[in-house]
$ cat upload.txt   # compact mmCIF, C-alpha atoms
# COMPACT_ATOMS: atom_id res chain seq x y z
CA MET A 1 62.20 -2.68 -43.18
CA TYR A 2 62.35 -4.90 -40.10
CA THR A 3 60.98 -8.42 -40.33
CA PHE A 4 57.37 -9.02 -39.33
CA ASN A 5 54.71 -11.67 -39.78
CA PHE A 6 52.28 -10.96 -42.60
CA ARG A 7 48.90 -12.34 -41.54
CA ARG A 8 46.06 -12.39 -44.05
CA ALA A 9 42.69 -12.26 -42.28
CA SER A 10 39.81 -14.24 -43.81
CA SER A 11 37.05 -12.54 -41.80
CA LEU A 12 36.55 -9.71 -39.32
CA GLU A 13 36.54 -12.22 -36.45
CA ASP A 14 39.75 -13.74 -37.73
CA ALA A 15 41.39 -10.31 -38.03
CA GLN A 16 40.44 -9.33 -34.51
CA GLN A 17 41.55 -12.64 -33.12
CA ILE A 18 44.99 -12.34 -34.71
CA HIS A 19 45.23 -8.79 -33.40
CA GLN A 20 44.33 -9.87 -29.86
CA SER A 21 46.74 -12.76 -29.78
CA SER A 22 49.69 -10.65 -30.92
CA SER A 23 51.76 -8.52 -28.57
CA ASP A 24 52.12 -5.80 -31.21
CA ALA A 25 49.91 -5.96 -34.29
CA VAL A 26 48.73 -3.41 -36.84
CA TYR A 27 46.03 -3.68 -39.46
CA VAL A 28 46.90 -2.84 -43.05
CA ALA A 29 44.15 -1.65 -45.39
CA GLY A 30 45.64 0.15 -48.40
CA GLY A 31 48.97 0.67 -46.65
CA MET A 32 49.48 4.20 -47.96
CA THR A 33 50.77 5.41 -44.59
CA LEU A 34 51.79 2.18 -42.88
CA ILE A 35 54.06 0.75 -45.61
CA PRO A 36 56.21 3.92 -45.96
CA SER A 37 56.50 3.99 -42.14
CA LEU A 38 57.67 0.37 -42.13
CA LYS A 39 60.14 1.05 -44.92
CA LEU A 40 61.59 3.99 -42.98
CA ARG A 41 61.76 1.78 -39.88
CA LEU A 42 59.60 4.22 -38.00
CA ALA A 43 57.28 1.38 -37.03
CA ASN A 44 58.29 -2.10 -35.98
CA PRO A 45 55.21 -4.29 -35.38
CA ASP A 46 55.41 -8.06 -34.84
CA ASP A 47 52.35 -8.78 -36.97
CA VAL A 48 50.81 -6.95 -39.92
CA VAL A 49 47.21 -8.07 -40.38
CA ASP A 50 45.96 -7.66 -43.95
CA LEU A 51 42.25 -6.80 -44.27
CA SER A 52 42.09 -6.90 -48.07
CA GLN A 53 40.69 -10.43 -48.43
CA ILE A 54 37.69 -10.01 -46.16
CA ASP A 55 34.50 -10.45 -48.19
CA GLY A 56 32.24 -7.46 -48.78
CA LEU A 57 34.36 -4.92 -46.93
CA GLY A 58 34.81 -2.79 -50.05
CA ALA A 59 31.21 -2.64 -51.29
CA ILE A 60 29.56 0.69 -52.14
CA SER A 61 25.76 0.98 -52.27
CA SER A 62 23.00 3.58 -52.11
CA ALA A 63 19.70 3.20 -50.31
CA ASP A 64 17.31 5.22 -48.15
CA GLY A 65 18.89 8.57 -48.97
CA ALA A 66 22.40 7.53 -47.98
CA VAL A 67 25.53 6.25 -49.66
CA SER A 68 27.13 3.39 -47.80
CA VAL A 69 30.86 3.04 -48.48
CA GLY A 70 32.65 -0.13 -47.37
CA ALA A 71 35.82 0.50 -45.37
CA MET A 72 38.07 -1.14 -47.97
CA ALA A 73 36.62 0.92 -50.85
CA ARG A 74 39.50 2.61 -52.59
CA HIS A 75 39.57 6.35 -53.28
CA CYS A 76 39.25 5.77 -57.05
CA GLU A 77 36.08 3.73 -56.45
CA VAL A 78 34.52 6.48 -54.35
CA ALA A 79 35.59 8.99 -57.03
CA ALA A 80 33.54 7.01 -59.56
CA THR A 81 30.28 7.23 -57.58
CA THR A 82 27.55 9.71 -58.57
CA ASP A 83 25.09 10.09 -55.68
CA ILE A 84 27.15 12.68 -53.78
CA PRO A 85 29.19 14.59 -56.37
CA ALA A 86 31.08 16.54 -53.65
CA LEU A 87 32.24 13.27 -52.04
CA ALA A 88 33.32 11.85 -55.41
CA ALA A 89 35.19 15.09 -56.22
CA LEU A 90 36.93 15.00 -52.84
CA ALA A 91 38.03 11.39 -53.36
CA ASN A 92 39.27 12.26 -56.83
CA ARG A 93 41.65 14.86 -55.41
CA ILE A 94 43.28 12.69 -52.72
CA GLY A 95 47.02 12.20 -53.31
CA ASP A 96 47.94 10.99 -56.78
CA GLY A 97 46.72 8.19 -59.07
CA GLN A 98 48.78 5.54 -57.30
CA VAL A 99 47.45 6.53 -53.89
CA ARG A 100 43.85 6.62 -55.14
CA ASN A 101 44.29 3.12 -56.56
CA ARG A 102 45.44 1.65 -53.25
CA GLY A 103 44.32 3.91 -50.42
CA THR A 104 41.03 3.14 -48.68
CA ILE A 105 38.45 5.23 -46.86
CA GLY A 106 38.63 3.05 -43.75
CA GLY A 107 42.41 3.26 -43.61
CA SER A 108 42.36 7.02 -44.01
CA LEU A 109 39.76 7.52 -41.27
CA ALA A 110 41.38 5.09 -38.81
CA ASN A 111 44.74 6.79 -39.33
CA ASN A 112 43.22 10.28 -38.84
CA ASP A 113 46.07 12.24 -40.35
CA PRO A 114 45.39 15.92 -39.61
CA ALA A 115 45.73 16.72 -43.34
CA ALA A 116 43.58 13.87 -44.72
CA ASP A 117 40.57 14.80 -46.87
CA TYR A 118 37.93 12.26 -45.79
CA PRO A 119 37.53 13.60 -42.22
CA ALA A 120 36.16 16.86 -43.69
CA ALA A 121 33.57 14.80 -45.61
CA VAL A 122 32.58 12.75 -42.55
CA LEU A 123 31.98 15.92 -40.50
CA GLY A 124 30.62 18.08 -43.30
CA LEU A 125 28.13 15.49 -44.51
CA GLY A 126 27.24 14.16 -41.05
CA ALA A 127 28.34 10.59 -41.77
CA THR A 128 28.05 7.62 -39.43
CA ILE A 129 30.93 5.21 -38.95
CA HIS A 130 30.19 1.53 -38.43
CA THR A 131 32.74 -0.80 -36.85
CA ASN A 132 32.82 -4.52 -36.13
CA SER A 133 31.31 -3.82 -32.70
CA ARG A 134 29.28 -0.59 -32.80
CA THR A 135 28.14 2.57 -34.57
CA ILE A 136 29.94 5.87 -34.01
CA ALA A 137 28.54 9.29 -35.01
CA GLY A 138 31.00 11.09 -37.28
CA ASP A 139 30.90 14.06 -34.90
CA ASP A 140 32.31 11.87 -32.10
CA PHE A 141 34.92 10.03 -34.15
CA PHE A 142 37.90 12.41 -34.46
CA VAL A 143 39.50 12.93 -31.06
CA ASP A 144 42.94 14.50 -31.55
CA LEU A 145 46.08 14.21 -33.64
CA PHE A 146 46.03 10.65 -35.10
CA GLU A 147 43.58 9.74 -32.36
CA THR A 148 40.06 8.45 -32.98
CA ALA A 149 37.21 6.97 -30.96
CA LEU A 150 38.25 3.49 -32.16
CA GLY A 151 39.21 1.06 -29.42
CA ASP A 152 42.24 -1.21 -29.54
CA GLY A 153 41.77 -3.72 -32.35
CA GLU A 154 38.43 -2.24 -33.47
CA ILE A 155 37.87 -2.27 -37.25
CA ILE A 156 35.85 0.19 -39.34
CA THR A 157 33.48 -1.76 -41.58
CA ARG A 158 31.62 0.97 -43.47
CA VAL A 159 30.78 4.65 -43.54
CA ASP A 160 27.24 5.88 -44.25
CA PHE A 161 26.97 9.33 -45.84
CA PRO A 162 23.46 10.85 -45.89
CA ILE A 163 22.88 12.39 -49.33
CA PRO A 164 22.89 16.18 -48.83
CA LYS A 165 20.61 18.67 -50.66
CA ARG A 166 23.81 20.21 -51.98
CA ALA A 167 27.46 20.16 -50.98
CA ALA A 168 30.91 21.19 -52.16
CA TYR A 169 34.51 20.65 -51.07
CA ALA A 170 37.35 23.10 -51.65
CA LYS A 171 40.95 22.50 -50.69
CA PHE A 172 44.26 24.24 -50.84
CA ALA A 173 46.54 21.30 -51.56
CA ASN A 174 50.22 20.94 -50.88
CA GLN A 175 51.72 20.87 -54.34
CA ALA A 176 53.97 17.86 -53.74
CA SER A 177 51.83 15.51 -51.66
CA LYS A 178 48.35 16.89 -52.46
CA TYR A 179 47.61 16.71 -48.75
CA ALA A 180 45.15 19.38 -47.63
CA VAL A 181 46.94 22.39 -46.19
CA VAL A 182 43.31 23.34 -45.52
CA GLY A 183 40.19 21.65 -46.90
CA VAL A 184 36.58 22.67 -46.22
CA MET A 185 33.38 20.73 -46.92
CA VAL A 186 30.21 22.82 -46.87
CA ALA A 187 26.90 20.96 -47.05
CA GLU A 188 23.22 21.77 -46.82
CA THR A 189 21.72 18.66 -45.24
CA ASP A 190 18.33 17.65 -43.87
CA SER A 191 19.63 18.52 -40.42
CA GLY A 192 20.94 21.96 -41.41
CA VAL A 193 24.12 23.47 -42.78
CA ARG A 194 27.35 21.72 -41.84
CA VAL A 195 30.94 22.86 -42.30
CA GLY A 196 33.80 20.37 -41.86
CA VAL A 197 37.40 21.63 -41.83
CA THR A 198 40.53 19.52 -42.25
CA GLY A 199 44.25 20.36 -42.39
CA ALA A 200 43.98 23.36 -40.09
CA GLY A 201 44.03 21.82 -36.61
CA ALA A 202 45.29 18.69 -34.84
CA CYS A 203 42.31 16.87 -36.38
CA ALA A 204 39.26 17.77 -38.44
CA PHE A 205 36.52 19.83 -36.77
CA ARG A 206 33.19 21.54 -37.48
CA LEU A 207 33.07 25.31 -37.65
CA THR A 208 29.78 26.27 -36.01
CA SER A 209 30.26 30.03 -36.50
CA PHE A 210 30.30 29.43 -40.28
CA GLU A 211 27.38 26.98 -40.04
CA ASP A 212 25.24 29.58 -38.26
CA ALA A 213 26.10 32.32 -40.77
CA LEU A 214 25.45 30.08 -43.77
CA SER A 215 22.17 28.80 -42.32
CA ALA A 216 20.91 32.35 -42.35
CA ASN A 217 22.39 33.23 -45.74
CA MET A 218 24.04 30.66 -48.03
CA SER A 219 26.44 33.03 -49.76
CA ALA A 220 30.19 33.63 -49.61
CA SER A 221 29.66 37.16 -48.31
CA ALA A 222 27.90 35.76 -45.23
CA LEU A 223 31.36 34.68 -44.00
CA ASP A 224 32.83 38.19 -44.19
CA GLY A 225 34.03 39.46 -40.85
CA ILE A 226 33.72 36.15 -38.99
CA ASP A 227 36.88 35.65 -37.00
CA VAL A 228 38.53 32.22 -37.23
CA ASP A 229 40.55 31.49 -34.10
CA SER A 230 43.84 30.12 -35.42
CA SER A 231 45.76 30.07 -32.12
CA ASP A 232 45.71 26.24 -31.94
CA PHE A 233 46.16 25.66 -35.67
CA ASN A 234 49.05 23.72 -37.17
CA SER A 235 52.17 25.59 -38.12
CA ASP A 236 54.87 24.03 -40.28
CA LEU A 237 57.18 24.83 -43.16
CA HIS A 238 54.22 24.84 -45.57
CA ALA A 239 51.99 27.32 -43.77
CA SER A 240 51.83 29.25 -40.51
CA ALA A 241 48.85 28.96 -38.18
CA ALA A 242 47.63 32.44 -39.15
CA TYR A 243 47.87 31.59 -42.86
CA ARG A 244 45.86 28.42 -42.29
CA GLY A 245 43.30 30.53 -40.42
CA SER A 246 42.97 32.78 -43.44
CA LEU A 247 42.75 29.77 -45.78
CA VAL A 248 39.80 28.37 -43.80
CA THR A 249 37.71 31.40 -44.79
CA VAL A 250 38.96 31.42 -48.38
CA MET A 251 38.29 27.70 -48.89
CA ALA A 252 34.87 27.91 -47.22
CA LYS A 253 33.93 30.76 -49.56
CA GLN A 254 35.12 28.77 -52.58
CA ALA A 255 33.03 25.81 -51.45
CA VAL A 256 29.96 28.02 -50.99
CA GLU A 257 30.46 29.53 -54.44
CA GLN A 258 30.71 26.04 -56.00
CA LEU A 259 27.65 24.90 -54.14
CA THR A 260 25.48 27.87 -55.13
CA ALA A 261 26.72 28.04 -58.74
CA MET B 1 61.65 25.45 -33.32
CA GLU B 2 60.10 27.33 -30.45
CA GLU B 3 56.98 26.84 -28.44
CA SER B 4 55.53 28.48 -25.35
CA GLY B 5 52.46 28.19 -23.25
CA GLU B 6 51.01 28.37 -19.78
CA PHE B 7 48.95 26.19 -17.49
CA VAL B 8 47.25 26.94 -14.20
CA ILE B 9 47.66 24.20 -11.59
CA PRO B 10 45.46 24.12 -8.47
CA ALA B 11 48.34 23.93 -5.97
CA SER B 12 50.89 26.27 -4.41
CA PRO B 13 54.18 27.01 -6.22
CA GLN B 14 56.06 25.02 -3.55
CA GLU B 15 53.82 21.96 -4.05
CA VAL B 16 54.19 22.22 -7.82
CA TRP B 17 57.94 22.64 -7.51
CA ASP B 18 58.26 19.59 -5.27
CA ALA B 19 56.09 17.42 -7.49
CA LEU B 20 58.09 18.39 -10.58
CA GLN B 21 61.24 16.97 -8.96
CA LYS B 22 59.76 13.53 -8.29
CA PRO B 23 60.59 10.88 -10.88
CA ASP B 24 57.52 8.73 -10.14
CA ILE B 25 55.18 11.70 -10.61
CA LEU B 26 56.88 12.72 -13.85
CA LYS B 27 56.67 9.14 -15.09
CA GLU B 28 52.95 9.04 -14.37
CA CYS B 29 52.30 12.31 -16.22
CA ILE B 30 54.42 11.84 -19.34
CA ASP B 31 52.42 9.89 -21.92
CA GLY B 32 54.30 6.70 -22.85
CA CYS B 33 56.99 7.09 -20.17
CA GLU B 34 58.31 3.65 -19.28
CA GLU B 35 61.20 4.54 -16.98
CA MET B 36 62.21 7.63 -15.07
CA THR B 37 65.10 7.68 -12.62
CA ILE B 38 67.45 10.22 -11.13
CA THR B 39 70.99 9.29 -12.12
CA ASP B 40 72.81 12.21 -10.60
CA ASP B 41 72.01 15.33 -8.68
CA GLY B 42 69.23 16.90 -10.72
CA VAL B 43 69.70 14.70 -13.78
CA PHE B 44 66.77 12.52 -14.84
CA ALA B 45 67.12 9.57 -17.18
CA CYS B 46 64.02 8.40 -18.97
CA VAL B 47 62.66 6.03 -21.59
CA VAL B 48 59.58 7.21 -23.46
CA ALA B 49 57.68 5.20 -26.07
CA ILE B 50 56.21 7.60 -28.58
CA LYS B 51 53.29 6.73 -30.82
CA VAL B 52 52.17 9.19 -33.47
CA GLY B 53 49.86 7.63 -36.01
CA PRO B 54 51.80 4.82 -37.68
CA VAL B 55 55.10 5.82 -36.08
CA LYS B 56 56.28 4.04 -32.98
CA ALA B 57 59.67 4.83 -31.52
CA ARG B 58 61.31 4.44 -28.14
CA PHE B 59 63.39 7.39 -27.01
CA THR B 60 65.99 7.38 -24.25
CA GLY B 61 66.77 10.78 -22.86
CA THR B 62 68.29 12.83 -20.10
CA VAL B 63 66.82 15.92 -18.52
CA SER B 64 69.00 18.18 -16.37
CA ILE B 65 67.76 20.95 -14.15
CA VAL B 66 69.84 24.08 -14.63
CA GLU B 67 69.88 27.26 -12.55
CA PRO B 68 67.16 26.18 -10.10
CA ASN B 69 65.54 29.01 -8.17
CA PRO B 70 62.96 27.24 -5.96
CA PRO B 71 60.03 27.60 -6.16
CA HIS B 72 60.11 30.21 -8.92
CA SER B 73 61.99 29.09 -12.00
CA TYR B 74 64.43 26.71 -13.62
CA PHE B 75 65.77 25.66 -16.97
CA LEU B 76 65.52 22.10 -18.28
CA ASP B 77 68.14 20.84 -20.69
CA VAL B 78 66.72 17.91 -22.63
CA SER B 79 68.43 15.52 -24.97
CA ALA B 80 66.89 12.40 -26.47
CA ARG B 81 67.81 9.68 -28.94
CA GLY B 82 65.35 7.41 -30.68
CA GLY B 83 67.54 4.83 -32.40
CA GLY B 84 66.94 4.94 -36.14
CA ALA B 85 64.03 7.33 -35.77
CA GLY B 86 66.03 10.41 -34.90
CA PHE B 87 67.13 12.62 -32.06
CA GLY B 88 66.22 15.85 -30.39
CA SER B 89 67.58 18.35 -27.95
CA GLY B 90 66.40 21.55 -26.42
CA ARG B 91 66.16 23.88 -23.48
CA ALA B 92 62.97 24.81 -21.66
CA GLU B 93 62.56 27.75 -19.35
CA VAL B 94 59.95 27.10 -16.67
CA LYS B 95 58.51 29.78 -14.39
CA LEU B 96 56.04 29.38 -11.53
CA GLN B 97 53.92 32.25 -10.36
CA GLU B 98 51.37 32.34 -7.57
CA VAL B 99 47.87 33.24 -8.77
CA ALA B 100 44.41 33.17 -7.16
CA GLU B 101 43.64 29.67 -8.56
CA GLY B 102 46.98 28.21 -7.50
CA THR B 103 50.09 28.37 -9.63
CA CYS B 104 50.53 29.64 -13.14
CA LEU B 105 53.28 27.71 -14.87
CA THR B 106 54.70 29.26 -18.02
CA TYR B 107 57.19 27.57 -20.29
CA HIS B 108 59.23 28.48 -23.30
CA VAL B 109 61.00 25.75 -25.25
CA LYS B 110 63.65 26.08 -27.91
CA GLY B 111 64.71 22.88 -29.56
CA THR B 112 65.81 21.03 -32.63
CA ILE B 113 65.04 17.57 -33.98
CA GLY B 114 67.08 15.62 -36.49
CA GLY B 115 67.16 12.30 -38.32
CA LYS B 116 64.32 10.58 -40.16
CA LEU B 117 61.61 11.94 -37.90
CA ALA B 118 62.72 15.48 -38.71
CA GLN B 119 62.69 14.77 -42.45
CA ILE B 120 59.16 13.47 -42.57
CA GLY B 121 57.69 14.70 -39.31
CA THR B 122 58.14 18.47 -39.28
CA ARG B 123 54.54 19.07 -40.32
CA LEU B 124 53.40 17.07 -37.30
CA PHE B 125 55.98 17.92 -34.70
CA GLN B 126 54.34 21.01 -33.31
CA SER B 127 50.88 19.46 -33.01
CA PHE B 128 52.42 16.40 -31.42
CA SER B 129 54.48 18.33 -28.86
CA ARG B 130 51.41 20.38 -27.93
CA LYS B 131 49.42 17.20 -27.41
CA MET B 132 52.16 15.72 -25.18
CA THR B 133 52.34 18.94 -23.15
CA ARG B 134 48.57 19.15 -22.78
CA THR B 135 48.38 15.53 -21.61
CA PHE B 136 51.22 16.12 -19.14
CA PHE B 137 49.56 19.11 -17.47
CA ASP B 138 46.11 17.52 -17.51
CA ARG B 139 47.48 14.55 -15.60
CA PHE B 140 49.69 16.74 -13.43
CA SER B 141 46.84 19.09 -12.43
CA HIS B 142 44.60 16.11 -11.82
CA ARG B 143 46.72 15.22 -8.77
CA TRP B 144 45.13 18.12 -6.92
CA MET B 145 41.60 17.73 -8.16
CA GLY B 146 38.72 15.56 -6.89

$ encode --input "upload.txt" --output "structure tokens"
Amino acid sequence: MYTFNFRRASSLEDAQQIHQSSSDAVYVAGGMTLIPSLKLRLANPDDVVDLSQIDGLGAISSADGAVSVGAMARHCEVAATTDIPALAALANRIGDGQVRNRGTIGGSLANNDPAADYPAAVLGLGATIHTNSRTIAGDDFFVDLFETALGDGEIITRVDFPIPKRAAYAKFANQASKYAVVGVMVAETDSGVRVGVTGAGACAFRLTSFEDALSANMSASALDGIDVDSSDFNSDLHASAAYRGSLVTVMAKQAVEQLTA
Amino acid sequence: MEESGEFVIPASPQEVWDALQKPDILKECIDGCEEMTITDDGVFACVVAIKVGPVKARFTGTVSIVEPNPPHSYFLDVSARGGGAGFGSGRAEVKLQEVAEGTCLTYHVKGTIGGKLAQIGTRLFQSFSRKMTRTFFDRFSHRWMG
């Protein structure tokens, strides 16, 4: 690890101010991606700004038909919630016990790893992301590989998930890391059926062809014969693009079966 | 690893060919490119700062044009070193073909990466290289659009 300044922020304003005054600063939430990168010397920032001591950033509450999850809420805390069982189940399958005890929802979303689980929940459940300066619709948040709508120095403060009528998440996990090779969230919400897919492409996306089919008929067989275009999907030593394409259908069907059981 | 693709650029093959030889244009189009100079006849030297998620690394590289056949085709031999992060090398075959909308550029790259990036980054390398390529041609094509 290279040397860097560890700066503990006392408030959002403080965090942003430290970030602005540094030539090269990064925020650390749970550090589940950043710390290994620092240890491998693949990142070399001047300042690491710790967000863990900012009051209220990890609170989880329910009101007005939505679950509001503070950005610093850890995966194990989300896993212990009950209002959206599919969201709790998703959080409970992220990484391993150590990761779930440290990793945070805000860190995961800001990082936007193409194989992270939470992006499928944000898209599938139609969540809204709040930052220290504005509100971003979940549908507009994920831009590309590791790229989000967040501006330089912007900090996620909380994520609001509307409580769906019913929802389920199915994932085909890498056996070593538990990252999603493909993960699919299917939800029946007040604004219609939503399908969020992670792991398959450069970043998570909604699959409107599946949404349309499931709106008409919420059953696994409704997805038969719908072609998933896998030409831009990820291909690596774990799975080819075509295999991921096939997994999208299989995982979506599993989610539908869970949801209608 | 191998990767191929094609892009249509709204300019003639000769215009595309000429622009692809200019260091300042290449610098402008490559995301994160900090320096781009011609050191020798047909050899480019460049410094590119790469940022993928939490990873930030600065690569120095050389690109040589091999077997040029203006304005139809050439090969690019690329080699890059990123300090502790790793290294990469490869050869790209580039072909230009005149089409109704301008020029269709097709490429086929064969390359290898090594070092730490290769150990942890293989699952991301393809998506990342596609993103870099897409950005390059978006910016490059933009030169001829409103």

$ residues_around --input "upload.txt" --residues "Val197 of chain A" --least-positions-apart "6" --cutoff "6 Å" --atoms "only C-alpha atoms" --output "MDAnalysis selection string"
chainID A and resid 120 183:184 204:205

$ interface_residues --input "upload.txt" --of "chain B" --to "chain A" --cutoff "6 Å" --atoms "all atoms listed in the file" --output "number ranges by chain"
B: 53-56, 85, 123, 127

$ residues_around --input "upload.txt" --residues "segment 225-228 of chain A" --least-positions-apart "2" --cutoff "7 Å" --atoms "all atoms listed in the file" --output "list of chain:residue names"
A:Leu223, A:Ser230, A:Gly245

$ atom_distance --input "upload.txt" --atom1 "atom CA of His72 of chain B" --atom2 "atom CA of Gly42 of chain B"
16.2 Å

$ closest_residue --input "upload.txt" --among "A:Met251, A:Gly95, A:Thr135, A:Thr128" --to "Asn174 of chain A" --atoms "all atoms listed in the file"
A:Gly95

$ residues_around --input "upload.txt" --residues "segment 14-16 of chain A" --least-positions-apart "6" --cutoff "12 Å" --atoms "all atoms listed in the file" --output "list of chain:residue names"
A:Phe6, A:Arg7, A:Arg8, A:Ser22, A:Ala25, A:Val26, A:Tyr27, A:Val28, A:Ala29, A:Asp47, A:Val48, A:Val49, A:Asp50, A:Leu51, A:Ser52, A:Gln53, A:Ile54, A:Thr131, A:Asn132, A:Ser133, A:Gly151, A:Asp152, A:Gly153, A:Glu154, A:Ile155, A:Ile156

$ decode --input "upload.txt" --residues "segment 69-86 of chain B" --atoms "N, CA and C atoms" --output "PDB file, in the first residue's frame"
ATOM      1  N   ASN B  69      -1.040   0.685 -45.928  1.00  0.00           N
ATOM      2  CA  ASN B  69      -1.525   0.650 -47.303  1.00  0.00           C
ATOM      3  C   ASN B  69      -2.586   1.736 -47.442  1.00  0.00           C
ATOM      4  N   PRO B  70      -2.132   3.029 -47.520  1.00  0.00           N
ATOM      5  CA  PRO B  70      -3.080   4.145 -47.477  1.00  0.00           C
ATOM      6  C   PRO B  70      -3.992   4.182 -48.692  1.00  0.00           C
ATOM      7  N   PRO B  71      -5.239   4.567 -48.525  1.00  0.00           N
ATOM      8  CA  PRO B  71      -5.977   4.719 -47.261  1.00  0.00           C
ATOM      9  C   PRO B  71      -6.848   3.497 -46.979  1.00  0.00           C
ATOM     10  N   HIS B  72      -6.294   2.320 -47.099  1.00  0.00           N
ATOM     11  CA  HIS B  72      -7.109   1.106 -46.993  1.00  0.00           C
ATOM     12  C   HIS B  72      -6.885   0.299 -45.715  1.00  0.00           C
ATOM     13  N   SER B  73      -5.660   0.105 -45.323  1.00  0.00           N
ATOM     14  CA  SER B  73      -5.442  -0.782 -44.172  1.00  0.00           C
ATOM     15  C   SER B  73      -4.073  -0.570 -43.546  1.00  0.00           C
ATOM     16  N   TYR B  74      -3.950  -0.943 -42.294  1.00  0.00           N
ATOM     17  CA  TYR B  74      -2.649  -1.044 -41.644  1.00  0.00           C
ATOM     18  C   TYR B  74      -2.738  -1.938 -40.416  1.00  0.00           C
ATOM     19  N   PHE B  75      -1.596  -2.271 -39.882  1.00  0.00           N
ATOM     20  CA  PHE B  75      -1.558  -2.978 -38.614  1.00  0.00           C
ATOM     21  C   PHE B  75      -0.983  -2.030 -37.573  1.00  0.00           C
ATOM     22  N   LEU B  76      -1.454  -2.144 -36.344  1.00  0.00           N
ATOM     23  CA  LEU B  76      -0.883  -1.364 -35.242  1.00  0.00           C
ATOM     24  C   LEU B  76      -0.276  -2.338 -34.247  1.00  0.00           C
ATOM     25  N   ASP B  77       0.993  -2.159 -33.958  1.00  0.00           N
ATOM     26  CA  ASP B  77       1.612  -2.951 -32.900  1.00  0.00           C
ATOM     27  C   ASP B  77       1.661  -2.096 -31.645  1.00  0.00           C
ATOM     28  N   VAL B  78       1.032  -2.578 -30.587  1.00  0.00           N
ATOM     29  CA  VAL B  78       0.895  -1.794 -29.363  1.00  0.00           C
ATOM     30  C   VAL B  78       1.617  -2.496 -28.219  1.00  0.00           C
ATOM     31  N   SER B  79       2.359  -1.703 -27.459  1.00  0.00           N
ATOM     32  CA  SER B  79       2.899  -2.280 -26.231  1.00  0.00           C
ATOM     33  C   SER B  79       2.818  -1.227 -25.143  1.00  0.00           C
ATOM     34  N   ALA B  80       2.423  -1.630 -23.950  1.00  0.00           N
ATOM     35  CA  ALA B  80       2.198  -0.668 -22.872  1.00  0.00           C
ATOM     36  C   ALA B  80       2.644  -1.232 -21.538  1.00  0.00           C
ATOM     37  N   ARG B  81       3.151  -0.352 -20.682  1.00  0.00           N
ATOM     38  CA  ARG B  81       3.543  -0.759 -19.330  1.00  0.00           C
ATOM     39  C   ARG B  81       2.899   0.192 -18.326  1.00  0.00           C
ATOM     40  N   GLY B  82       2.357  -0.391 -17.268  1.00  0.00           N
ATOM     41  CA  GLY B  82       1.675   0.428 -16.273  1.00  0.00           C
ATOM     42  C   GLY B  82       2.296   0.307 -14.898  1.00  0.00           C
ATOM     43  N   GLY B  83       3.609   0.400 -14.817  1.00  0.00           N
ATOM     44  CA  GLY B  83       4.278   0.315 -13.516  1.00  0.00           C
ATOM     45  C   GLY B  83       3.905  -0.976 -12.807  1.00  0.00           C
ATOM     46  N   GLY B  84       3.480  -0.842 -11.550  1.00  0.00           N
ATOM     47  CA  GLY B  84       3.130  -2.028 -10.774  1.00  0.00           C
ATOM     48  C   GLY B  84       1.828  -2.672 -11.209  1.00  0.00           C
ATOM     49  N   ALA B  85       1.038  -1.962 -12.009  1.00  0.00           N
ATOM     50  CA  ALA B  85      -0.292  -2.458 -12.335  1.00  0.00           C
ATOM     51  C   ALA B  85      -0.264  -3.596 -13.353  1.00  0.00           C
ATOM     52  N   GLY B  86       0.712  -3.552 -14.266  1.00  0.00           N
ATOM     53  CA  GLY B  86       0.766  -4.614 -15.254  1.00  0.00           C
ATOM     54  C   GLY B  86       1.235  -4.115 -16.603  1.00  0.00           C
TER      55      GLY B  86
END
